[in-house]
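Structure below is work07.txt: compact mmCIF, N, CA and C atoms.
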```txt
# COMPACT_ATOMS: atom_id res chain seq x y z
N THR V 21 -42.91 53.93 -4.17
CA THR V 21 -43.01 54.95 -5.20
C THR V 21 -42.73 54.34 -6.56
N ALA V 22 -43.17 55.02 -7.59
CA ALA V 22 -42.91 54.61 -8.96
C ALA V 22 -42.41 55.81 -9.74
N THR V 23 -41.34 55.61 -10.51
CA THR V 23 -40.84 56.67 -11.37
C THR V 23 -40.70 56.11 -12.78
N LYS V 24 -40.93 56.97 -13.76
CA LYS V 24 -40.87 56.57 -15.16
C LYS V 24 -39.90 57.49 -15.89
N THR V 25 -38.96 56.89 -16.63
CA THR V 25 -38.01 57.67 -17.40
C THR V 25 -37.90 57.11 -18.82
N PHE V 26 -37.59 57.99 -19.75
CA PHE V 26 -37.36 57.62 -21.14
C PHE V 26 -35.93 57.98 -21.49
N THR V 27 -35.24 57.07 -22.18
CA THR V 27 -33.88 57.35 -22.64
C THR V 27 -33.80 57.00 -24.12
N PRO V 28 -33.58 57.99 -25.00
CA PRO V 28 -33.47 59.42 -24.70
C PRO V 28 -34.82 60.01 -24.30
N GLY V 29 -34.79 61.22 -23.77
CA GLY V 29 -36.00 61.87 -23.27
C GLY V 29 -36.93 62.38 -24.36
N THR V 30 -36.41 62.57 -25.57
CA THR V 30 -37.21 63.04 -26.70
C THR V 30 -36.87 62.20 -27.92
N ILE V 31 -37.91 61.78 -28.66
CA ILE V 31 -37.68 61.04 -29.90
C ILE V 31 -38.58 61.60 -31.00
N ASN V 32 -38.15 61.40 -32.24
CA ASN V 32 -38.94 61.76 -33.41
C ASN V 32 -39.70 60.54 -33.90
N VAL V 33 -40.60 60.74 -34.83
CA VAL V 33 -41.38 59.64 -35.40
C VAL V 33 -40.44 58.55 -35.90
N GLY V 34 -40.72 57.31 -35.50
CA GLY V 34 -39.93 56.16 -35.93
C GLY V 34 -38.70 55.88 -35.10
N GLN V 35 -38.33 56.76 -34.20
CA GLN V 35 -37.17 56.52 -33.34
C GLN V 35 -37.60 55.72 -32.10
N THR V 36 -36.60 55.17 -31.42
CA THR V 36 -36.84 54.29 -30.28
C THR V 36 -36.32 54.91 -28.98
N ALA V 37 -37.06 54.66 -27.91
CA ALA V 37 -36.61 55.05 -26.57
C ALA V 37 -36.79 53.86 -25.63
N ASP V 38 -35.96 53.80 -24.62
CA ASP V 38 -36.07 52.79 -23.57
C ASP V 38 -36.91 53.40 -22.46
N LEU V 39 -38.09 52.82 -22.21
CA LEU V 39 -38.94 53.23 -21.10
C LEU V 39 -38.57 52.39 -19.89
N ALA V 40 -38.20 53.06 -18.80
CA ALA V 40 -37.87 52.37 -17.54
C ALA V 40 -38.85 52.82 -16.46
N ILE V 41 -39.47 51.86 -15.81
CA ILE V 41 -40.35 52.14 -14.68
C ILE V 41 -39.70 51.51 -13.46
N THR V 42 -39.32 52.36 -12.50
CA THR V 42 -38.64 51.89 -11.29
C THR V 42 -39.59 51.97 -10.11
N LEU V 43 -39.70 50.85 -9.40
CA LEU V 43 -40.55 50.75 -8.22
C LEU V 43 -39.66 50.68 -6.98
N THR V 44 -40.02 51.41 -5.93
CA THR V 44 -39.24 51.43 -4.69
C THR V 44 -40.16 51.17 -3.51
N ALA V 45 -39.78 50.19 -2.69
CA ALA V 45 -40.56 49.87 -1.48
C ALA V 45 -40.12 50.75 -0.32
N PRO V 46 -41.02 51.06 0.58
CA PRO V 46 -40.66 51.85 1.75
C PRO V 46 -39.73 51.06 2.68
N PRO V 47 -39.00 51.76 3.55
CA PRO V 47 -38.04 51.07 4.42
C PRO V 47 -38.67 50.18 5.48
N ASP V 48 -39.93 50.42 5.81
CA ASP V 48 -40.54 49.67 6.91
C ASP V 48 -41.36 48.45 6.51
N SER V 49 -41.54 48.22 5.20
CA SER V 49 -42.31 47.03 4.82
C SER V 49 -42.10 46.67 3.35
N GLY V 50 -42.20 45.39 3.08
CA GLY V 50 -42.16 44.92 1.71
C GLY V 50 -43.53 45.06 1.06
N LEU V 51 -43.58 44.86 -0.23
CA LEU V 51 -44.82 44.98 -0.97
C LEU V 51 -45.10 43.69 -1.71
N THR V 52 -46.35 43.28 -1.75
CA THR V 52 -46.74 42.08 -2.49
C THR V 52 -47.92 42.42 -3.40
N ASN V 53 -48.12 41.57 -4.38
CA ASN V 53 -49.22 41.72 -5.33
C ASN V 53 -49.22 43.09 -6.01
N LEU V 54 -48.01 43.58 -6.35
CA LEU V 54 -47.89 44.85 -7.06
C LEU V 54 -48.48 44.73 -8.46
N GLY V 55 -49.12 45.78 -8.92
CA GLY V 55 -49.65 45.78 -10.27
C GLY V 55 -50.04 47.17 -10.72
N PHE V 56 -49.98 47.39 -12.03
CA PHE V 56 -50.39 48.67 -12.61
C PHE V 56 -50.60 48.51 -14.11
N THR V 57 -51.29 49.48 -14.69
CA THR V 57 -51.37 49.65 -16.14
C THR V 57 -50.86 51.04 -16.43
N ASP V 58 -49.94 51.15 -17.39
CA ASP V 58 -49.42 52.45 -17.81
C ASP V 58 -49.87 52.68 -19.24
N THR V 59 -50.80 53.62 -19.42
CA THR V 59 -51.30 53.97 -20.75
C THR V 59 -50.47 55.12 -21.29
N PHE V 60 -49.94 54.95 -22.49
CA PHE V 60 -49.05 55.94 -23.10
C PHE V 60 -49.84 57.12 -23.68
N PRO V 61 -49.15 58.25 -23.85
CA PRO V 61 -49.77 59.37 -24.57
C PRO V 61 -50.01 58.98 -26.03
N ALA V 62 -50.93 59.68 -26.68
CA ALA V 62 -51.23 59.41 -28.09
C ALA V 62 -49.96 59.46 -28.92
N GLY V 63 -49.80 58.48 -29.83
CA GLY V 63 -48.65 58.45 -30.72
C GLY V 63 -47.48 57.64 -30.22
N LEU V 64 -47.53 57.18 -28.98
CA LEU V 64 -46.44 56.36 -28.43
C LEU V 64 -46.93 54.93 -28.32
N ILE V 65 -46.15 53.98 -28.86
CA ILE V 65 -46.52 52.57 -28.83
C ILE V 65 -45.32 51.71 -28.46
N VAL V 66 -45.61 50.49 -28.05
CA VAL V 66 -44.56 49.51 -27.77
C VAL V 66 -43.92 49.11 -29.10
N GLN V 67 -42.61 49.14 -29.15
CA GLN V 67 -41.85 48.82 -30.36
C GLN V 67 -41.93 47.33 -30.67
N ASN V 68 -41.73 46.99 -31.91
CA ASN V 68 -41.63 45.59 -32.33
C ASN V 68 -40.21 45.33 -32.81
N PRO V 69 -39.41 44.53 -32.12
CA PRO V 69 -39.73 43.79 -30.90
C PRO V 69 -39.62 44.67 -29.66
N ALA V 70 -40.45 44.41 -28.70
CA ALA V 70 -40.52 45.22 -27.48
C ALA V 70 -39.38 44.94 -26.51
N ALA V 71 -38.98 43.67 -26.41
CA ALA V 71 -37.90 43.24 -25.52
C ALA V 71 -38.14 43.64 -24.06
N PRO V 72 -39.34 43.37 -23.50
CA PRO V 72 -39.58 43.75 -22.11
C PRO V 72 -38.75 42.92 -21.14
N THR V 73 -38.24 43.59 -20.10
CA THR V 73 -37.51 42.90 -19.04
C THR V 73 -37.99 43.43 -17.69
N SER V 74 -37.82 42.63 -16.65
CA SER V 74 -38.25 43.02 -15.32
C SER V 74 -37.37 42.37 -14.28
N THR V 75 -37.00 43.16 -13.26
CA THR V 75 -36.33 42.62 -12.08
C THR V 75 -37.30 42.56 -10.90
N CYS V 76 -38.60 42.70 -11.20
CA CYS V 76 -39.63 42.79 -10.16
C CYS V 76 -40.41 41.50 -9.96
N GLY V 77 -40.03 40.43 -10.65
CA GLY V 77 -40.85 39.23 -10.59
C GLY V 77 -42.17 39.50 -11.29
N GLY V 78 -43.19 38.75 -10.96
CA GLY V 78 -44.51 39.00 -11.52
C GLY V 78 -44.57 38.82 -13.02
N THR V 79 -45.59 39.41 -13.64
CA THR V 79 -45.83 39.31 -15.07
C THR V 79 -45.84 40.70 -15.68
N PHE V 80 -44.95 40.94 -16.63
CA PHE V 80 -44.86 42.22 -17.34
C PHE V 80 -45.33 41.98 -18.76
N ASN V 81 -46.43 42.61 -19.14
CA ASN V 81 -47.03 42.40 -20.46
C ASN V 81 -46.89 43.67 -21.28
N ALA V 82 -46.15 43.57 -22.41
CA ALA V 82 -45.92 44.70 -23.30
C ALA V 82 -46.04 44.23 -24.75
N PRO V 83 -47.28 44.07 -25.23
CA PRO V 83 -47.47 43.55 -26.59
C PRO V 83 -46.96 44.53 -27.66
N ASN V 84 -46.33 44.00 -28.69
CA ASN V 84 -45.85 44.83 -29.80
C ASN V 84 -47.00 45.68 -30.35
N GLY V 85 -46.75 46.98 -30.53
CA GLY V 85 -47.73 47.88 -31.11
C GLY V 85 -48.79 48.39 -30.14
N ALA V 86 -48.77 47.95 -28.89
CA ALA V 86 -49.78 48.37 -27.90
C ALA V 86 -49.52 49.80 -27.43
N GLY V 87 -50.57 50.44 -26.96
CA GLY V 87 -50.47 51.79 -26.42
C GLY V 87 -50.38 51.81 -24.91
N SER V 88 -50.08 50.65 -24.31
CA SER V 88 -49.93 50.56 -22.86
C SER V 88 -49.16 49.30 -22.48
N VAL V 89 -48.72 49.26 -21.23
CA VAL V 89 -48.10 48.06 -20.65
C VAL V 89 -48.80 47.76 -19.34
N THR V 90 -48.77 46.47 -18.93
CA THR V 90 -49.35 46.09 -17.65
C THR V 90 -48.35 45.26 -16.86
N PHE V 91 -48.48 45.33 -15.56
CA PHE V 91 -47.64 44.57 -14.64
C PHE V 91 -48.54 44.03 -13.55
N SER V 92 -48.34 42.76 -13.16
CA SER V 92 -49.15 42.18 -12.10
C SER V 92 -48.35 41.17 -11.29
N ALA V 93 -48.80 40.93 -10.07
CA ALA V 93 -48.26 39.90 -9.17
C ALA V 93 -46.79 40.10 -8.82
N GLY V 94 -46.33 41.34 -8.75
CA GLY V 94 -44.94 41.62 -8.38
C GLY V 94 -44.74 41.64 -6.88
N THR V 95 -43.49 41.43 -6.45
CA THR V 95 -43.14 41.52 -5.04
C THR V 95 -41.87 42.35 -4.90
N LEU V 96 -41.75 43.00 -3.75
CA LEU V 96 -40.60 43.86 -3.51
C LEU V 96 -40.34 43.89 -2.01
N ALA V 97 -39.13 43.54 -1.60
CA ALA V 97 -38.75 43.56 -0.18
C ALA V 97 -38.59 45.00 0.30
N ALA V 98 -38.69 45.21 1.59
CA ALA V 98 -38.52 46.53 2.18
C ALA V 98 -37.19 47.16 1.75
N SER V 99 -37.22 48.45 1.48
CA SER V 99 -36.03 49.24 1.12
C SER V 99 -35.33 48.78 -0.15
N THR V 100 -36.04 48.14 -1.06
CA THR V 100 -35.42 47.70 -2.30
C THR V 100 -36.12 48.35 -3.50
N THR V 101 -35.45 48.26 -4.64
CA THR V 101 -36.03 48.77 -5.88
C THR V 101 -35.97 47.67 -6.94
N CYS V 102 -36.80 47.82 -7.94
CA CYS V 102 -36.76 46.95 -9.10
C CYS V 102 -37.14 47.80 -10.31
N THR V 103 -36.81 47.31 -11.49
CA THR V 103 -37.05 48.10 -12.69
C THR V 103 -37.63 47.24 -13.81
N LEU V 104 -38.58 47.82 -14.53
CA LEU V 104 -39.15 47.21 -15.72
C LEU V 104 -38.71 48.05 -16.92
N HIS V 105 -38.27 47.40 -17.99
CA HIS V 105 -37.83 48.11 -19.20
C HIS V 105 -38.61 47.59 -20.40
N VAL V 106 -38.91 48.51 -21.33
CA VAL V 106 -39.50 48.12 -22.60
C VAL V 106 -39.14 49.21 -23.63
N TYR V 107 -38.96 48.80 -24.87
CA TYR V 107 -38.68 49.76 -25.94
C TYR V 107 -39.98 50.27 -26.52
N VAL V 108 -40.04 51.59 -26.70
CA VAL V 108 -41.22 52.23 -27.28
C VAL V 108 -40.78 53.07 -28.47
N THR V 109 -41.75 53.40 -29.32
CA THR V 109 -41.47 54.21 -30.50
C THR V 109 -42.62 55.18 -30.73
N SER V 110 -42.36 56.19 -31.50
CA SER V 110 -43.37 57.18 -31.84
C SER V 110 -43.89 56.91 -33.24
N ASN V 111 -45.21 56.92 -33.39
CA ASN V 111 -45.77 56.72 -34.72
C ASN V 111 -46.43 57.97 -35.21
```

Kindly present the structure from the file in structure tokens form.
Amino acid sequence: TATKTFTPGTINVGQTADLAITLTAPPDSGLTNLGFTDTFPAGLIVQNPAAPTSTCGGTFNAPNGAGSVTFSAGTLAASTTCTLHVYVTSN
């Protein structure tokens, strides 16, 4: 499963939020070659500096000013979770 949270949950123009995407593997099997693209709603962009971090391995791409982030080549053992973080702002 994948869940997405913003902290804080609401921001005004020019304010910053931490976007966290948490991935969870099922108890019966690990996952390999994980990947996704998350396109933001209009007006939300990756902050400069974005400061992306990941505990999922793979490649997390969050270019400053972009309207989306991408993740590829991730791995996750059975019954484990990992999280990707990036700062976003409203324009």

From the DSSP assignment of the backbone, select every residue of chain V that is strand (DSSP E), and format the answer as JSON, numbers by chain.
{"V": [22, 23, 24, 25, 26, 27, 36, 37, 38, 39, 40, 41, 42, 43, 44, 51, 52, 53, 54, 55, 56, 57, 58, 59, 64, 65, 66, 73, 74, 79, 80, 81, 88, 89, 90, 91, 92, 93, 94, 95, 96, 101, 102, 103, 104, 105, 106, 107, 108, 109, 110]}

I'd like the contact shell of Gln35 of chain V - 6 Å cut-off, all atoms listed in the file, skipping same-chain residues fewer than 2 positions apart - returned as a list of chain:residue names.
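After dropping sequence-adjacent residues, the list is V:Ile31, V:Asn32, V:Val33, V:Ala37, V:Val108, V:Thr109, V:Ser110.
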
Could you check which of V:Ala97, V:Leu64, V:Cys102, V:Leu54 is closest to Cys76 of chain V, using all atoms listed in the file?
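Residue with the minimum atom-to-atom distance to Cys76 of chain V: V:Cys102.
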
Leaving out Gly87 of chain V and any residue of its chain fewer than 4 positions from it, which residues lie within 10 Å of it when counting only C-alpha atoms, given as a PyMOL selection string?
chain V and resi 58-67+82-83+108

Which residues, written as a PyMOL selection string, have at least one atom at most 5 Å from segment 39-53 of chain V, with all atoms listed in the file counted and residues fewer than 2 positions away on the same chain left out?
chain V and resi 21-26+37+55+93-107

Store the residues of this selection in a file with N, CA and C atoms, as an mmCIF file, in the coordinates of the input.
```cif
data_model
loop_
_atom_site.group_PDB
_atom_site.id
_atom_site.type_symbol
_atom_site.label_atom_id
_atom_site.label_comp_id
_atom_site.auth_asym_id
_atom_site.auth_seq_id
_atom_site.Cartn_x
_atom_site.Cartn_y
_atom_site.Cartn_z
ATOM 1 N N THR V 21 -42.910 53.930 -4.170
ATOM 2 C CA THR V 21 -43.010 54.950 -5.200
ATOM 3 C C THR V 21 -42.730 54.340 -6.560
ATOM 4 N N ALA V 22 -43.170 55.020 -7.590
ATOM 5 C CA ALA V 22 -42.910 54.610 -8.960
ATOM 6 C C ALA V 22 -42.410 55.810 -9.740
ATOM 7 N N THR V 23 -41.340 55.610 -10.510
ATOM 8 C CA THR V 23 -40.840 56.670 -11.370
ATOM 9 C C THR V 23 -40.700 56.110 -12.780
ATOM 10 N N LYS V 24 -40.930 56.970 -13.760
ATOM 11 C CA LYS V 24 -40.870 56.570 -15.160
ATOM 12 C C LYS V 24 -39.900 57.490 -15.890
ATOM 13 N N THR V 25 -38.960 56.890 -16.630
ATOM 14 C CA THR V 25 -38.010 57.670 -17.400
ATOM 15 C C THR V 25 -37.900 57.110 -18.820
ATOM 16 N N PHE V 26 -37.590 57.990 -19.750
ATOM 17 C CA PHE V 26 -37.360 57.620 -21.140
ATOM 18 C C PHE V 26 -35.930 57.980 -21.490
ATOM 19 N N ALA V 37 -37.060 54.660 -27.910
ATOM 20 C CA ALA V 37 -36.610 55.050 -26.570
ATOM 21 C C ALA V 37 -36.790 53.860 -25.630
ATOM 22 N N GLY V 55 -49.120 45.780 -8.920
ATOM 23 C CA GLY V 55 -49.650 45.780 -10.270
ATOM 24 C C GLY V 55 -50.040 47.170 -10.720
ATOM 25 N N ALA V 93 -48.800 40.930 -10.070
ATOM 26 C CA ALA V 93 -48.260 39.900 -9.170
ATOM 27 C C ALA V 93 -46.790 40.100 -8.820
ATOM 28 N N GLY V 94 -46.330 41.340 -8.750
ATOM 29 C CA GLY V 94 -44.940 41.620 -8.380
ATOM 30 C C GLY V 94 -44.740 41.640 -6.880
ATOM 31 N N THR V 95 -43.490 41.430 -6.450
ATOM 32 C CA THR V 95 -43.140 41.520 -5.040
ATOM 33 C C THR V 95 -41.870 42.350 -4.900
ATOM 34 N N LEU V 96 -41.750 43.000 -3.750
ATOM 35 C CA LEU V 96 -40.600 43.860 -3.510
ATOM 36 C C LEU V 96 -40.340 43.890 -2.010
ATOM 37 N N ALA V 97 -39.130 43.540 -1.600
ATOM 38 C CA ALA V 97 -38.750 43.560 -0.180
ATOM 39 C C ALA V 97 -38.590 45.000 0.300
ATOM 40 N N ALA V 98 -38.690 45.210 1.590
ATOM 41 C CA ALA V 98 -38.520 46.530 2.180
ATOM 42 C C ALA V 98 -37.190 47.160 1.750
ATOM 43 N N SER V 99 -37.220 48.450 1.480
ATOM 44 C CA SER V 99 -36.030 49.240 1.120
ATOM 45 C C SER V 99 -35.330 48.780 -0.150
ATOM 46 N N THR V 100 -36.040 48.140 -1.060
ATOM 47 C CA THR V 100 -35.420 47.700 -2.300
ATOM 48 C C THR V 100 -36.120 48.350 -3.500
ATOM 49 N N THR V 101 -35.450 48.260 -4.640
ATOM 50 C CA THR V 101 -36.030 48.770 -5.880
ATOM 51 C C THR V 101 -35.970 47.670 -6.940
ATOM 52 N N CYS V 102 -36.800 47.820 -7.940
ATOM 53 C CA CYS V 102 -36.760 46.950 -9.100
ATOM 54 C C CYS V 102 -37.140 47.800 -10.310
ATOM 55 N N THR V 103 -36.810 47.310 -11.490
ATOM 56 C CA THR V 103 -37.050 48.100 -12.690
ATOM 57 C C THR V 103 -37.630 47.240 -13.810
ATOM 58 N N LEU V 104 -38.580 47.820 -14.530
ATOM 59 C CA LEU V 104 -39.150 47.210 -15.720
ATOM 60 C C LEU V 104 -38.710 48.050 -16.920
ATOM 61 N N HIS V 105 -38.270 47.400 -17.990
ATOM 62 C CA HIS V 105 -37.830 48.110 -19.200
ATOM 63 C C HIS V 105 -38.610 47.590 -20.400
ATOM 64 N N VAL V 106 -38.910 48.510 -21.330
ATOM 65 C CA VAL V 106 -39.500 48.120 -22.600
ATOM 66 C C VAL V 106 -39.140 49.210 -23.630
ATOM 67 N N TYR V 107 -38.960 48.800 -24.870
ATOM 68 C CA TYR V 107 -38.680 49.760 -25.940
ATOM 69 C C TYR V 107 -39.980 50.270 -26.520
#
```

Rounded to one decimal, what separation in Å do you get between atom CA of Phe80 of chain V and atom CA of Ser92 of chain V?
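If I compute the distance from atom CA of Phe80 of chain V to atom CA of Ser92 of chain V, I get 6.8 Å.
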
Mind checking which residues fall within 5 Å of Thr90 of chain V, counting only N, CA and C atoms, ignoring those fewer than 3 positions away in the same chain, and posting them as a list in words?
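After dropping sequence-adjacent residues, the list is Phe56, Thr57, Phe80 and Asn81 of chain V.
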
Writing out the chosen residues with N, CA and C atoms as a CSV table (one decimal), keeping the file's coordinate frame:
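Heads up, here's the output in part_25.csv:
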```
chain,number,residue,atom,x,y,z
V,56,PHE,N,-50.0,47.4,-12.0
V,56,PHE,CA,-50.4,48.7,-12.6
V,56,PHE,C,-50.6,48.5,-14.1
V,57,THR,N,-51.3,49.5,-14.7
V,57,THR,CA,-51.4,49.6,-16.1
V,57,THR,C,-50.9,51.0,-16.4
V,80,PHE,N,-45.0,40.9,-16.6
V,80,PHE,CA,-44.9,42.2,-17.3
V,80,PHE,C,-45.3,42.0,-18.8
V,81,ASN,N,-46.4,42.6,-19.1
V,81,ASN,CA,-47.0,42.4,-20.5
V,81,ASN,C,-46.9,43.7,-21.3
```

To one decimal place, how far is atom N of Asn111 of chain V from atom CA of Thr79 of chain V in Å?
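These atoms are spaced 25.4 Å apart.
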
Kindly add N, CA, C and O atoms to the incomplete segment 70-81 of chain V and provide the output as a PDB file, in the frame of the given file.
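out33.pdb, freshly written:
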```
ATOM      1  N   ALA V  70     -40.450  44.410 -28.700  1.00  0.00           N
ATOM      2  CA  ALA V  70     -40.520  45.220 -27.480  1.00  0.00           C
ATOM      3  C   ALA V  70     -39.380  44.940 -26.510  1.00  0.00           C
ATOM      4  O   ALA V  70     -38.905  45.823 -25.835  1.00  0.00           O
ATOM      5  N   ALA V  71     -38.980  43.670 -26.410  1.00  0.00           N
ATOM      6  CA  ALA V  71     -37.900  43.240 -25.520  1.00  0.00           C
ATOM      7  C   ALA V  71     -38.140  43.640 -24.060  1.00  0.00           C
ATOM      8  O   ALA V  71     -37.259  44.196 -23.415  1.00  0.00           O
ATOM      9  N   PRO V  72     -39.340  43.370 -23.500  1.00  0.00           N
ATOM     10  CA  PRO V  72     -39.580  43.750 -22.110  1.00  0.00           C
ATOM     11  C   PRO V  72     -38.750  42.920 -21.140  1.00  0.00           C
ATOM     12  O   PRO V  72     -38.561  41.727 -21.337  1.00  0.00           O
ATOM     13  N   THR V  73     -38.240  43.590 -20.100  1.00  0.00           N
ATOM     14  CA  THR V  73     -37.510  42.900 -19.040  1.00  0.00           C
ATOM     15  C   THR V  73     -37.990  43.430 -17.690  1.00  0.00           C
ATOM     16  O   THR V  73     -38.493  44.553 -17.598  1.00  0.00           O
ATOM     17  N   SER V  74     -37.820  42.630 -16.650  1.00  0.00           N
ATOM     18  CA  SER V  74     -38.250  43.020 -15.320  1.00  0.00           C
ATOM     19  C   SER V  74     -37.370  42.370 -14.280  1.00  0.00           C
ATOM     20  O   SER V  74     -37.046  41.194 -14.373  1.00  0.00           O
ATOM     21  N   THR V  75     -37.000  43.160 -13.260  1.00  0.00           N
ATOM     22  CA  THR V  75     -36.330  42.620 -12.080  1.00  0.00           C
ATOM     23  C   THR V  75     -37.300  42.560 -10.900  1.00  0.00           C
ATOM     24  O   THR V  75     -36.876  42.400  -9.765  1.00  0.00           O
ATOM     25  N   CYS V  76     -38.600  42.700 -11.200  1.00  0.00           N
ATOM     26  CA  CYS V  76     -39.630  42.790 -10.160  1.00  0.00           C
ATOM     27  C   CYS V  76     -40.410  41.500  -9.960  1.00  0.00           C
ATOM     28  O   CYS V  76     -41.385  41.495  -9.214  1.00  0.00           O
ATOM     29  N   GLY V  77     -40.030  40.430 -10.650  1.00  0.00           N
ATOM     30  CA  GLY V  77     -40.850  39.230 -10.590  1.00  0.00           C
ATOM     31  C   GLY V  77     -42.170  39.500 -11.290  1.00  0.00           C
ATOM     32  O   GLY V  77     -42.280  40.403 -12.109  1.00  0.00           O
ATOM     33  N   GLY V  78     -43.190  38.750 -10.960  1.00  0.00           N
ATOM     34  CA  GLY V  78     -44.510  39.000 -11.520  1.00  0.00           C
ATOM     35  C   GLY V  78     -44.570  38.820 -13.020  1.00  0.00           C
ATOM     36  O   GLY V  78     -43.710  38.195 -13.634  1.00  0.00           O
ATOM     37  N   THR V  79     -45.590  39.410 -13.640  1.00  0.00           N
ATOM     38  CA  THR V  79     -45.830  39.310 -15.070  1.00  0.00           C
ATOM     39  C   THR V  79     -45.840  40.700 -15.680  1.00  0.00           C
ATOM     40  O   THR V  79     -46.662  41.548 -15.293  1.00  0.00           O
ATOM     41  N   PHE V  80     -44.950  40.940 -16.630  1.00  0.00           N
ATOM     42  CA  PHE V  80     -44.860  42.220 -17.340  1.00  0.00           C
ATOM     43  C   PHE V  80     -45.330  41.980 -18.760  1.00  0.00           C
ATOM     44  O   PHE V  80     -44.711  41.210 -19.500  1.00  0.00           O
ATOM     45  N   ASN V  81     -46.430  42.610 -19.140  1.00  0.00           N
ATOM     46  CA  ASN V  81     -47.030  42.400 -20.460  1.00  0.00           C
ATOM     47  C   ASN V  81     -46.890  43.670 -21.280  1.00  0.00           C
ATOM     48  O   ASN V  81     -47.434  44.718 -20.907  1.00  0.00           O
TER      49      ASN V  81
END
```
